[in-house]
$ cat target.pdb   # PDB, C-alpha atoms
ATOM      1  CA  MET Y   1      38.256  -3.396  24.399
ATOM      2  CA  ASN Y   2      39.641  -6.858  25.105
ATOM      3  CA  GLU Y   3      39.945  -8.877  21.879
ATOM      4  CA  ASN Y   4      38.257 -11.824  23.596
ATOM      5  CA  THR Y   5      35.154  -9.753  24.431
ATOM      6  CA  LYS Y   6      32.201 -10.899  22.329
ATOM      7  CA  LYS Y   7      30.432  -8.243  20.274
ATOM      8  CA  PHE Y   8      26.708  -7.860  20.877
ATOM      9  CA  LYS Y   9      24.397  -9.340  18.230
ATOM     10  CA  SER Y  10      20.755  -8.497  17.656
ATOM     11  CA  GLY Y  11      18.170  -8.844  14.933
ATOM     12  CA  PHE Y  12      14.745  -9.866  13.701
ATOM     13  CA  VAL Y  13      14.218 -13.559  12.943
ATOM     14  CA  ASN Y  14      10.977 -13.973  11.020
ATOM     15  CA  ILE Y  15       9.212 -17.341  10.800
ATOM     16  CA  ILE Y  16       7.207 -18.104   7.661
ATOM     17  CA  GLY Y  17       5.734 -21.202   6.029
ATOM     18  CA  ASN Y  18       2.528 -23.000   5.118
ATOM     19  CA  PRO Y  19      -0.303 -23.594   7.616
ATOM     20  CA  ASN Y  20       0.085 -26.543  10.008
ATOM     21  CA  VAL Y  21       3.840 -27.071   9.577
ATOM     22  CA  GLY Y  22       4.568 -26.151  13.200
ATOM     23  CA  LYS Y  23       5.687 -22.503  13.017
ATOM     24  CA  SER Y  24       4.035 -21.548  16.293
ATOM     25  CA  THR Y  25       5.338 -24.653  18.082
ATOM     26  CA  LEU Y  26       8.854 -23.837  16.891
ATOM     27  CA  MET Y  27       8.642 -20.213  17.990
ATOM     28  CA  ASN Y  28       7.288 -21.136  21.392
ATOM     29  CA  SER Y  29      10.187 -23.607  21.786
ATOM     30  CA  LEU Y  30      12.741 -20.982  20.775
ATOM     31  CA  VAL Y  31      11.258 -18.313  23.047
ATOM     32  CA  GLY Y  32      10.577 -20.661  25.942
ATOM     33  CA  GLU Y  33       7.124 -19.168  26.459
ATOM     34  CA  ARG Y  34       3.744 -20.021  24.985
ATOM     35  CA  LEU Y  35       3.035 -16.913  22.906
ATOM     36  CA  SER Y  36       1.406 -18.308  19.736
ATOM     37  CA  ILE Y  37      -1.791 -20.287  19.327
ATOM     38  CA  ILE Y  38      -1.173 -23.977  18.639
ATOM     39  CA  THR Y  39      -4.014 -26.174  17.371
ATOM     40  CA  ALA Y  40      -4.411 -28.898  14.773
ATOM     41  CA  LYS Y  41      -6.480 -26.543  12.608
ATOM     42  CA  ALA Y  42      -4.945 -24.426   9.841
ATOM     43  CA  GLN Y  43      -4.754 -20.616   9.912
ATOM     44  CA  THR Y  44      -4.788 -20.287  13.689
ATOM     45  CA  THR Y  45      -2.205 -17.488  13.666
ATOM     46  CA  ARG Y  46      -3.664 -14.289  12.201
ATOM     47  CA  HIS Y  47      -1.193 -11.610  13.306
ATOM     48  CA  ARG Y  48       2.566 -11.271  13.520
ATOM     49  CA  ILE Y  49       3.453 -12.173  17.095
ATOM     50  CA  MET Y  50       6.848 -11.226  18.447
ATOM     51  CA  GLY Y  51       8.764 -13.117  21.116
ATOM     52  CA  ILE Y  52      12.021 -11.683  22.429
ATOM     53  CA  VAL Y  53      14.956 -13.724  23.725
ATOM     54  CA  GLY Y  54      18.103 -12.141  25.138
ATOM     55  CA  GLY Y  55      21.447 -13.051  26.688
ATOM     56  CA  ASP Y  56      24.650 -11.335  27.758
ATOM     57  CA  ASP Y  57      25.742 -10.825  24.170
ATOM     58  CA  PHE Y  58      22.589 -11.137  22.029
ATOM     59  CA  GLN Y  59      18.930 -10.256  21.553
ATOM     60  CA  ILE Y  60      16.718 -12.133  19.075
ATOM     61  CA  VAL Y  61      13.289 -10.793  18.141
ATOM     62  CA  TYR Y  62      11.322 -13.747  16.769
ATOM     63  CA  SER Y  63       8.215 -13.083  14.692
ATOM     64  CA  ASP Y  64       5.588 -15.765  14.041
ATOM     65  CA  THR Y  65       3.382 -15.128  10.988
ATOM     66  CA  PRO Y  66       0.126 -16.509   9.558
ATOM     67  CA  GLY Y  67       0.367 -19.511   7.258
ATOM     68  CA  ILE Y  68       0.816 -18.872   3.536
ATOM     69  CA  LEU Y  69      -2.475 -19.011   1.607
ATOM     70  CA  ARG Y  70      -4.429 -17.677  -1.352
ATOM     71  CA  PRO Y  71      -6.682 -14.953   0.132
ATOM     72  CA  ASN Y  72     -10.445 -15.351  -0.253
ATOM     73  CA  TYR Y  73     -11.459 -12.227   1.673
ATOM     74  CA  LYS Y  74      -9.939  -9.053   3.126
ATOM     75  CA  LEU Y  75      -8.993 -10.662   6.452
ATOM     76  CA  GLN Y  76      -6.828 -13.202   4.623
ATOM     77  CA  GLU Y  77      -5.369 -10.420   2.456
ATOM     78  CA  SER Y  78      -4.263  -8.703   5.665
ATOM     79  CA  MET Y  79      -2.851 -11.982   7.003
ATOM     80  CA  MET Y  80      -0.780 -12.421   3.837
ATOM     81  CA  GLY Y  81       0.338  -8.815   4.216
ATOM     82  CA  PHE Y  82       1.982  -9.850   7.497
ATOM     83  CA  VAL Y  83       3.809 -12.659   5.646
ATOM     84  CA  THR Y  84       5.158 -10.466   2.846
ATOM     85  CA  GLY Y  85       6.057  -7.789   5.410
ATOM     86  CA  ALA Y  86       8.119 -10.390   7.261
ATOM     87  CA  LEU Y  87      10.210 -10.864   4.118
ATOM     88  CA  LYS Y  88      11.126  -7.176   4.085
ATOM     89  CA  ASP Y  89      12.265  -6.506   7.647
ATOM     90  CA  ALA Y  90      14.014  -9.791   8.526
ATOM     91  CA  ASP Y  91      17.676 -10.148   9.416
ATOM     92  CA  VAL Y  92      17.218 -13.936   9.273
ATOM     93  CA  ILE Y  93      14.334 -15.909   7.733
ATOM     94  CA  LEU Y  94      13.207 -19.219   9.188
ATOM     95  CA  TYR Y  95      11.264 -20.975   6.449
ATOM     96  CA  VAL Y  96       9.432 -23.814   8.191
ATOM     97  CA  THR Y  97       8.300 -26.833   6.228
ATOM     98  CA  ASP Y  98       7.689 -30.408   7.377
ATOM     99  CA  THR Y  99       8.039 -33.992   6.201
ATOM    100  CA  VAL Y 100       4.440 -34.361   4.999
ATOM    101  CA  GLU Y 101       3.360 -31.107   3.335
ATOM    102  CA  LYS Y 102       3.165 -30.975  -0.468
ATOM    103  CA  GLY Y 103       3.335 -27.211  -0.961
ATOM    104  CA  ASP Y 104       1.226 -25.240  -3.449
ATOM    105  CA  GLU Y 105       1.384 -22.318  -5.843
ATOM    106  CA  ALA Y 106       1.114 -19.694  -3.090
ATOM    107  CA  SER Y 107       3.996 -21.141  -1.086
ATOM    108  CA  ALA Y 108       6.082 -21.605  -4.248
ATOM    109  CA  GLU Y 109       5.781 -17.857  -4.879
ATOM    110  CA  ILE Y 110       6.935 -17.081  -1.338
ATOM    111  CA  VAL Y 111       9.889 -19.485  -1.653
ATOM    112  CA  GLU Y 112      10.918 -17.677  -4.838
ATOM    113  CA  LYS Y 113      10.706 -14.332  -2.996
ATOM    114  CA  VAL Y 114      12.876 -15.769  -0.214
ATOM    115  CA  LYS Y 115      15.406 -16.902  -2.816
ATOM    116  CA  LEU Y 116      15.537 -13.454  -4.420
ATOM    117  CA  SER Y 117      15.666 -11.573  -1.101
ATOM    118  CA  ALA Y 118      19.319 -12.405  -0.307
ATOM    119  CA  ILE Y 119      18.325 -12.492   3.383
ATOM    120  CA  PRO Y 120      20.154 -15.260   5.310
ATOM    121  CA  THR Y 121      17.702 -18.163   5.418
ATOM    122  CA  ILE Y 122      17.320 -21.324   7.462
ATOM    123  CA  VAL Y 123      14.975 -24.016   6.137
ATOM    124  CA  VAL Y 124      13.609 -25.899   9.128
ATOM    125  CA  ILE Y 125      12.257 -29.337   8.167
ATOM    126  CA  ASN Y 126       9.890 -30.057  11.050
ATOM    127  CA  LYS Y 127       8.124 -33.274  12.166
ATOM    128  CA  ILE Y 128      11.059 -35.541  11.314
ATOM    129  CA  ASP Y 129       9.579 -38.044  13.780
ATOM    130  CA  LEU Y 130       6.982 -38.735  11.032
ATOM    131  CA  SER Y 131       9.547 -39.761   8.390
ATOM    132  CA  ASN Y 132      12.371 -42.213   7.811
ATOM    133  CA  GLN Y 133      16.019 -41.483   7.005
ATOM    134  CA  GLN Y 134      15.666 -41.917   3.238
ATOM    135  CA  GLN Y 135      12.648 -39.592   3.038
ATOM    136  CA  LEU Y 136      14.492 -37.001   5.088
ATOM    137  CA  GLU Y 137      17.596 -37.152   2.905
ATOM    138  CA  GLU Y 138      15.427 -36.668  -0.199
ATOM    139  CA  LEU Y 139      13.739 -33.628   1.390
ATOM    140  CA  VAL Y 140      17.059 -32.082   2.369
ATOM    141  CA  GLU Y 141      18.305 -32.496  -1.204
ATOM    142  CA  MET Y 142      15.096 -30.985  -2.608
ATOM    143  CA  TRP Y 143      15.426 -27.904  -0.404
ATOM    144  CA  HIS Y 144      19.095 -27.525  -1.291
ATOM    145  CA  GLU Y 145      17.968 -27.312  -4.916
ATOM    146  CA  ARG Y 146      15.129 -24.848  -4.211
ATOM    147  CA  LEU Y 147      17.142 -22.570  -1.884
ATOM    148  CA  PRO Y 148      20.826 -23.257  -2.592
ATOM    149  CA  GLU Y 149      22.104 -20.580  -0.168
ATOM    150  CA  ALA Y 150      19.939 -21.694   2.775
ATOM    151  CA  ARG Y 151      21.009 -23.746   5.774
ATOM    152  CA  ILE Y 152      18.843 -26.883   6.119
ATOM    153  CA  ILE Y 153      18.042 -28.102   9.639
ATOM    154  CA  PRO Y 154      15.806 -31.123  10.421
ATOM    155  CA  VAL Y 155      13.914 -30.825  13.730
ATOM    156  CA  SER Y 156      10.978 -32.074  15.739
ATOM    157  CA  ALA Y 157       9.689 -28.905  17.413
ATOM    158  CA  LEU Y 158       7.005 -30.808  19.313
ATOM    159  CA  GLU Y 159       9.602 -33.130  20.881
ATOM    160  CA  GLY Y 160      12.262 -30.408  21.169
ATOM    161  CA  PHE Y 161      14.693 -32.330  18.975
ATOM    162  CA  ASN Y 162      17.446 -30.164  17.436
ATOM    163  CA  VAL Y 163      15.723 -26.852  18.269
ATOM    164  CA  SER Y 164      19.069 -25.911  19.833
ATOM    165  CA  GLY Y 165      20.621 -26.483  16.396
ATOM    166  CA  VAL Y 166      18.271 -23.858  14.950
ATOM    167  CA  PHE Y 167      19.271 -21.401  17.692
ATOM    168  CA  ASP Y 168      22.996 -22.025  17.177
ATOM    169  CA  THR Y 169      22.640 -21.426  13.429
ATOM    170  CA  ILE Y 170      20.652 -18.229  14.013
ATOM    171  CA  MET Y 171      23.485 -16.961  16.198
ATOM    172  CA  THR Y 172      26.006 -17.480  13.386
ATOM    173  CA  LEU Y 173      23.827 -15.456  10.993
ATOM    174  CA  LEU Y 174      22.679 -12.688  13.372
ATOM    175  CA  PRO Y 175      24.232  -9.273  12.636
ATOM    176  CA  GLU Y 176      26.084  -7.215  15.217
ATOM    177  CA  GLY Y 177      24.045  -4.414  16.752
ATOM    178  CA  ALA Y 178      22.473  -2.952  19.879
ATOM    179  CA  PRO Y 179      19.363  -4.491  21.497
ATOM    180  CA  TYR Y 180      15.980  -3.287  20.245
ATOM    181  CA  TYR Y 181      14.083  -3.809  23.514
ATOM    182  CA  GLU Y 182      14.816  -3.392  27.207
ATOM    183  CA  GLU Y 183      16.297  -6.375  29.009
ATOM    184  CA  GLY Y 184      13.621  -8.756  30.276
ATOM    185  CA  THR Y 185      11.027  -7.816  27.636
ATOM    186  CA  LEU Y 186       9.255 -10.972  26.439
ATOM    187  CA  THR Y 187       7.024  -9.616  23.676
ATOM    188  CA  ASP Y 188       5.885  -6.410  22.017
ATOM    189  CA  ARG Y 189       2.243  -7.374  22.543
ATOM    190  CA  PRO Y 190       0.094  -6.253  25.521
ATOM    191  CA  MET Y 191      -1.761  -8.639  27.808
ATOM    192  CA  ARG Y 192      -5.050  -7.705  26.106
ATOM    193  CA  PHE Y 193      -3.720  -9.303  22.913
ATOM    194  CA  PHE Y 194      -2.786 -12.590  24.599
ATOM    195  CA  ALA Y 195      -6.115 -12.703  26.417
ATOM    196  CA  SER Y 196      -7.925 -12.467  23.073
ATOM    197  CA  GLU Y 197      -5.621 -15.079  21.492
ATOM    198  CA  ILE Y 198      -6.177 -17.548  24.330
ATOM    199  CA  ILE Y 199      -9.963 -17.157  24.072
ATOM    200  CA  ARG Y 200      -9.748 -17.610  20.293
ATOM    201  CA  GLU Y 201      -7.633 -20.733  20.722
ATOM    202  CA  LYS Y 202     -10.291 -22.314  22.946
ATOM    203  CA  ILE Y 203     -12.883 -21.594  20.253
ATOM    204  CA  PHE Y 204     -10.662 -23.357  17.692
ATOM    205  CA  LEU Y 205     -10.452 -26.362  19.997
ATOM    206  CA  ASN Y 206     -14.157 -26.585  20.788
ATOM    207  CA  TYR Y 207     -15.964 -25.785  17.520
ATOM    208  CA  ASP Y 208     -15.851 -27.302  14.032
ATOM    209  CA  LYS Y 209     -16.083 -26.184  10.412
ATOM    210  CA  GLU Y 210     -16.406 -22.461   9.691
ATOM    211  CA  ILE Y 211     -17.089 -21.258  13.258
ATOM    212  CA  PRO Y 212     -13.464 -20.645  14.408
ATOM    213  CA  TYR Y 213     -12.621 -18.803  11.173
ATOM    214  CA  SER Y 214     -15.662 -16.513  11.515
ATOM    215  CA  VAL Y 215     -14.775 -15.372  15.027
ATOM    216  CA  GLU Y 216     -12.905 -12.327  16.284
ATOM    217  CA  ILE Y 217     -12.268 -11.464  19.945
ATOM    218  CA  VAL Y 218     -12.278  -7.928  21.323
ATOM    219  CA  ILE Y 219     -11.198  -7.254  24.907
ATOM    220  CA  GLU Y 220     -13.576  -4.554  26.128
ATOM    221  CA  GLU Y 221     -11.962  -4.216  29.539
ATOM    222  CA  TYR Y 222      -8.792  -5.521  31.161
ATOM    223  CA  LYS Y 223      -8.524  -4.381  34.768
ATOM    224  CA  GLU Y 224      -5.462  -5.446  36.763
ATOM    225  CA  GLU Y 225      -5.778  -5.746  40.546
ATOM    226  CA  PRO Y 226      -3.183  -7.032  43.039
ATOM    227  CA  THR Y 227      -4.622 -10.550  43.316
ATOM    228  CA  ILE Y 228      -6.966 -10.815  40.322
ATOM    229  CA  ASP Y 229      -7.304  -9.553  36.740
ATOM    230  CA  ARG Y 230     -10.833  -8.787  35.526
ATOM    231  CA  ILE Y 231     -11.442  -9.269  31.811
ATOM    232  CA  SER Y 232     -14.543  -8.558  29.745
ATOM    233  CA  ALA Y 233     -14.447  -9.831  26.157
ATOM    234  CA  ILE Y 234     -16.777  -9.824  23.159
ATOM    235  CA  ILE Y 235     -16.812 -12.743  20.723
ATOM    236  CA  TYR Y 236     -17.846 -11.394  17.316
ATOM    237  CA  VAL Y 237     -19.365 -13.837  14.805
ATOM    238  CA  ALA Y 238     -20.384 -13.324  11.176
ATOM    239  CA  ARG Y 239     -23.956 -14.696  11.301
ATOM    240  CA  ASP Y 240     -26.886 -15.037  13.723
ATOM    241  CA  SER Y 241     -26.818 -18.839  13.433
ATOM    242  CA  GLN Y 242     -23.177 -18.836  14.598
ATOM    243  CA  LYS Y 243     -24.116 -16.903  17.743
ATOM    244  CA  GLY Y 244     -26.409 -19.725  18.829
ATOM    245  CA  ILE Y 245     -23.737 -22.328  18.160
ATOM    246  CA  ILE Y 246     -21.119 -20.392  20.153
ATOM    247  CA  ILE Y 247     -23.459 -20.005  23.130
ATOM    248  CA  GLY Y 248     -24.816 -23.566  22.972
ATOM    249  CA  ARG Y 249     -27.746 -25.143  24.776
ATOM    250  CA  LYS Y 250     -28.444 -23.214  27.998
ATOM    251  CA  GLY Y 251     -25.099 -21.448  27.507
ATOM    252  CA  GLU Y 252     -23.113 -24.639  28.095
ATOM    253  CA  MET Y 253     -20.638 -24.221  25.209
ATOM    254  CA  LEU Y 254     -19.831 -20.603  26.055
ATOM    255  CA  LYS Y 255     -19.302 -21.596  29.679
ATOM    256  CA  LYS Y 256     -16.975 -24.426  28.614
ATOM    257  CA  VAL Y 257     -14.883 -22.069  26.449
ATOM    258  CA  GLY Y 258     -14.801 -19.455  29.209
ATOM    259  CA  THR Y 259     -13.634 -21.942  31.818
ATOM    260  CA  ALA Y 260     -10.866 -23.312  29.580
ATOM    261  CA  ALA Y 261      -9.724 -19.773  28.671
ATOM    262  CA  ARG Y 262      -9.746 -18.657  32.305
ATOM    263  CA  ILE Y 263      -7.587 -21.605  33.406
ATOM    264  CA  GLU Y 264      -5.095 -20.917  30.585
ATOM    265  CA  LEU Y 265      -5.020 -17.192  31.379
ATOM    266  CA  GLU Y 266      -4.362 -17.875  35.064
ATOM    267  CA  LYS Y 267      -1.328 -19.949  34.078
ATOM    268  CA  PHE Y 268      -0.172 -17.186  31.724
ATOM    269  CA  VAL Y 269      -0.414 -14.269  34.187
ATOM    270  CA  GLY Y 270       0.225 -16.210  37.401
ATOM    271  CA  LYS Y 271      -2.838 -15.067  39.313
ATOM    272  CA  LYS Y 272      -6.636 -15.359  39.445
ATOM    273  CA  ILE Y 273      -8.742 -14.275  36.470
ATOM    274  CA  PHE Y 274     -12.378 -13.179  36.397
ATOM    275  CA  LEU Y 275     -13.534 -13.578  32.778
ATOM    276  CA  GLN Y 276     -16.815 -12.444  31.232
ATOM    277  CA  LEU Y 277     -17.671 -13.437  27.648
ATOM    278  CA  HIS Y 278     -20.390 -11.918  25.460
ATOM    279  CA  VAL Y 279     -21.336 -12.832  21.878
ATOM    280  CA  LYS Y 280     -22.310 -10.308  19.184
ATOM    281  CA  VAL Y 281     -23.056 -10.582  15.466
ATOM    282  CA  ASP Y 282     -21.140  -8.421  12.980
ATOM    283  CA  GLU Y 283     -22.025  -9.614   9.502
ATOM    284  CA  GLY Y 284     -19.246  -9.417   6.964
ATOM    285  CA  TRP Y 285     -16.526  -8.232   9.351
ATOM    286  CA  ARG Y 286     -13.919 -10.308   7.467
ATOM    287  CA  ASN Y 287     -14.482  -8.131   4.368
ATOM    288  CA  SER Y 288     -14.897  -4.801   6.175
ATOM    289  CA  SER Y 289     -11.863  -2.504   6.021
ATOM    290  CA  ARG Y 290     -13.284  -0.474   8.925
ATOM    291  CA  GLN Y 291     -13.652  -3.494  11.195
ATOM    292  CA  LEU Y 292     -10.331  -5.040  10.140
ATOM    293  CA  LYS Y 293      -8.652  -1.778  11.092
ATOM    294  CA  ARG Y 294     -10.484  -1.785  14.436
ATOM    295  CA  PHE Y 295      -9.403  -5.393  15.054
ATOM    296  CA  GLY Y 296      -5.753  -4.567  14.304
ATOM    297  CA  TYR Y 297      -5.341  -6.235  10.907
ATOM    298  CA  ILE Y 298      -4.933  -2.958   8.988
ATOM    299  CA  GLU Y 299      -2.814  -0.050  10.218
TER     300      GLU Y 299
END
$ encode --input "target.pdb" --output "structure tokens"
Amino acid sequence: MNENTKKFKSGFVNIIGNPNVGKSTLMNSLVGERLSIITAKAQTTRHRIMGIVGGDDFQIVYSDTPGILRPNYKLQESMMGFVTGALKDADVILYVTDTVEKGDEASAEIVEKVKLSAIPTIVVINKIDLSNQQQLEELVEMWHERLPEARIIPVSALEGFNVSGVFDTIMTLLPEGAPYYEEGTLTDRPMRFFASEIIREKIFLNYDKEIPYSVEIVIEEYKEEPTIDRISAIIYVARDSQKGIIIGRKGEMLKKVGTAARIELEKFVGKKIFLQLHVKVDEGWRNSSRQLKRFGYIE
């Protein structure tokens, strides 16, 4: 082999951090595709979502995870299970913070686990457009003290500032190895998953308070045809009163969500979508091991 030939690098780069610090925005920027839900509300990501980026001499498998929290019910326990799992199978950890978050006891425990893991770590300080130079320098120093071995990279994921710096640093830390997925693979998730995530995102954007956190989407049917995909989905809610709110007066709210989801899905798949939405009540699903397993939160 020619000495100038680059050796192939591959590995799992797992993204963790508190809710609302911009983990999903960062991953979508790194992958170049919109794979993770992005809203202003906390806890929008519930699963680990993988996005795969490859080149002539590398393959990076990014994994977005739910925000760090103290679980109040079994669903959140499962979500935190995805976070702790990400600490075990990472080749590189991206710990995402921002210039405004204060942190809490739960995130402090995760930071300590990152420190003890010995896994190469990059601390991404996001939203630097919301701070000044002095504040940023103080944050960088604080993170150097908390994670002395980590690389610290300030970015603005929303504006795309210095995301390339994160990628370049990942490449220096990525181990040598063969690719894990076939060339051209974008994600390990099926279209059914992204259809449910897009519908759930529109619910986050259109309803307030507890409603978005009480909802789960199940794709009953996903039928692909040459010029159109036909999707039938059930929106599960935790109480009867929530069903009425989701549907709205004369079905107007459900129609609004369906239209927004259909438009987004058509952009995602590149063809027409026929989308049917139904609403059902499943009381206590967030604390039901059987339902959480059915919904993919428990293996």
$ residues_near_point --input "target.pdb" --point "(-14.1, -22.0, 12.5)" --cutoff "12 Å" --atoms "only C-alpha atoms" --output "ChimeraX atom specification"
/Y:39,41-44,200-216,237-238,242,245-246
$ residues_near_point --input "target.pdb" --point "(17.0, -27.1, 18.2)" --cutoff "12 Å" --atoms "all atoms listed in the file" --output "short mmCIF file (atom, residue, chain, number, x, y, z; two decimals) with C-alpha atoms, in the coordinates of the input"
data_model
loop_
_atom_site.label_atom_id
_atom_site.label_comp_id
_atom_site.auth_asym_id
_atom_site.auth_seq_id
_atom_site.Cartn_x
_atom_site.Cartn_y
_atom_site.Cartn_z
CA THR Y 25 5.34 -24.65 18.08
CA LEU Y 26 8.85 -23.84 16.89
CA MET Y 27 8.64 -20.21 17.99
CA ASN Y 28 7.29 -21.14 21.39
CA SER Y 29 10.19 -23.61 21.79
CA LEU Y 30 12.74 -20.98 20.78
CA VAL Y 31 11.26 -18.31 23.05
CA GLY Y 32 10.58 -20.66 25.94
CA VAL Y 124 13.61 -25.90 9.13
CA ILE Y 125 12.26 -29.34 8.17
CA ASN Y 126 9.89 -30.06 11.05
CA ILE Y 153 18.04 -28.10 9.64
CA PRO Y 154 15.81 -31.12 10.42
CA VAL Y 155 13.91 -30.82 13.73
CA SER Y 156 10.98 -32.07 15.74
CA ALA Y 157 9.69 -28.90 17.41
CA LEU Y 158 7.00 -30.81 19.31
CA GLU Y 159 9.60 -33.13 20.88
CA GLY Y 160 12.26 -30.41 21.17
CA PHE Y 161 14.69 -32.33 18.98
CA ASN Y 162 17.45 -30.16 17.44
CA VAL Y 163 15.72 -26.85 18.27
CA SER Y 164 19.07 -25.91 19.83
CA GLY Y 165 20.62 -26.48 16.40
CA VAL Y 166 18.27 -23.86 14.95
CA PHE Y 167 19.27 -21.40 17.69
CA ASP Y 168 23.00 -22.02 17.18
CA THR Y 169 22.64 -21.43 13.43
CA ILE Y 170 20.65 -18.23 14.01
#
$ residues_around --input "target.pdb" --residues "Lys88 of chain Y" --least-positions-apart "2" --cutoff "12 Å" --atoms "all atoms listed in the file" --output "PDB file with C-alpha atoms, in the coordinates of the input"
ATOM      1  CA  PHE Y  12      14.745  -9.866  13.701  1.00  0.00           C
ATOM      2  CA  VAL Y  13      14.218 -13.559  12.943  1.00  0.00           C
ATOM      3  CA  ASN Y  14      10.977 -13.973  11.020  1.00  0.00           C
ATOM      4  CA  GLY Y  81       0.338  -8.815   4.216  1.00  0.00           C
ATOM      5  CA  PHE Y  82       1.982  -9.850   7.497  1.00  0.00           C
ATOM      6  CA  VAL Y  83       3.809 -12.659   5.646  1.00  0.00           C
ATOM      7  CA  THR Y  84       5.158 -10.466   2.846  1.00  0.00           C
ATOM      8  CA  GLY Y  85       6.057  -7.789   5.410  1.00  0.00           C
ATOM      9  CA  ALA Y  86       8.119 -10.390   7.261  1.00  0.00           C
ATOM     10  CA  ALA Y  90      14.014  -9.791   8.526  1.00  0.00           C
ATOM     11  CA  ASP Y  91      17.676 -10.148   9.416  1.00  0.00           C
ATOM     12  CA  VAL Y  92      17.218 -13.936   9.273  1.00  0.00           C
ATOM     13  CA  ILE Y  93      14.334 -15.909   7.733  1.00  0.00           C
ATOM     14  CA  LYS Y 113      10.706 -14.332  -2.996  1.00  0.00           C
ATOM     15  CA  VAL Y 114      12.876 -15.769  -0.214  1.00  0.00           C
ATOM     16  CA  LEU Y 116      15.537 -13.454  -4.420  1.00  0.00           C
ATOM     17  CA  SER Y 117      15.666 -11.573  -1.101  1.00  0.00           C
ATOM     18  CA  ALA Y 118      19.319 -12.405  -0.307  1.00  0.00           C
ATOM     19  CA  ILE Y 119      18.325 -12.492   3.383  1.00  0.00           C
TER      20      ILE Y 119
END
$ atom_distance --input "target.pdb" --atom1 "atom CA of Ala178 of chain Y" --atom2 "atom CA of Ser63 of chain Y"
18.2 Å
$ closest_residue --input "target.pdb" --among "Y:Ile219, Y:Ile128, Y:Val281, Y:Leu174" --to "Lys7 of chain Y" --atoms "all atoms listed in the file"
Y:Leu174
$ atom_distance --input "target.pdb" --atom1 "atom CA of Gly177 of chain Y" --atom2 "atom CA of Gly11 of chain Y"
7.6 Å
$ atom_distance --input "target.pdb" --atom1 "atom CA of Gln291 of chain Y" --atom2 "atom CA of Arg230 of chain Y"
25.1 Å
$ resolve_selection --input "target.pdb" --expression "the PyMOL selection byres ((chain Y and resi 186) around 10)" --output "ChimeraX atom specification"
/Y:31-33,35,50-54,61,181-185,187-189
$ resolve_selection --input "target.pdb" --expression "the PyMOL selection byres ((chain Y and resi 263) around 12)" --output "list in words"
Ala195, Ile198, Ile199, Lys202, Lys256, Val257, Gly258, Thr259, Ala260, Ala261, Arg262, Glu264, Leu265, Glu266, Lys267, Phe268, Val269, Gly270, Lys271, Lys272, Ile273, Phe274 and Leu275 of chain Y
$ resolve_selection --input "target.pdb" --expression "the PyMOL selection byres ((chain Y and resi 150) around 9)" --output "PyMOL selection string"
chain Y and resi 115+120-123+143-144+147-149+151-152
$ closest_residue --input "target.pdb" --among "Y:Gly244, Y:Gly296, Y:Pro175, Y:Pro19" --to "Lys102 of chain Y" --atoms "all atoms listed in the file"
Y:Pro19
$ closest_residue --input "target.pdb" --among "Y:Asp282, Y:Thr227, Y:Phe58, Y:Ile110" --to "Lys243 of chain Y" --atoms "all atoms listed in the file"
Y:Asp282
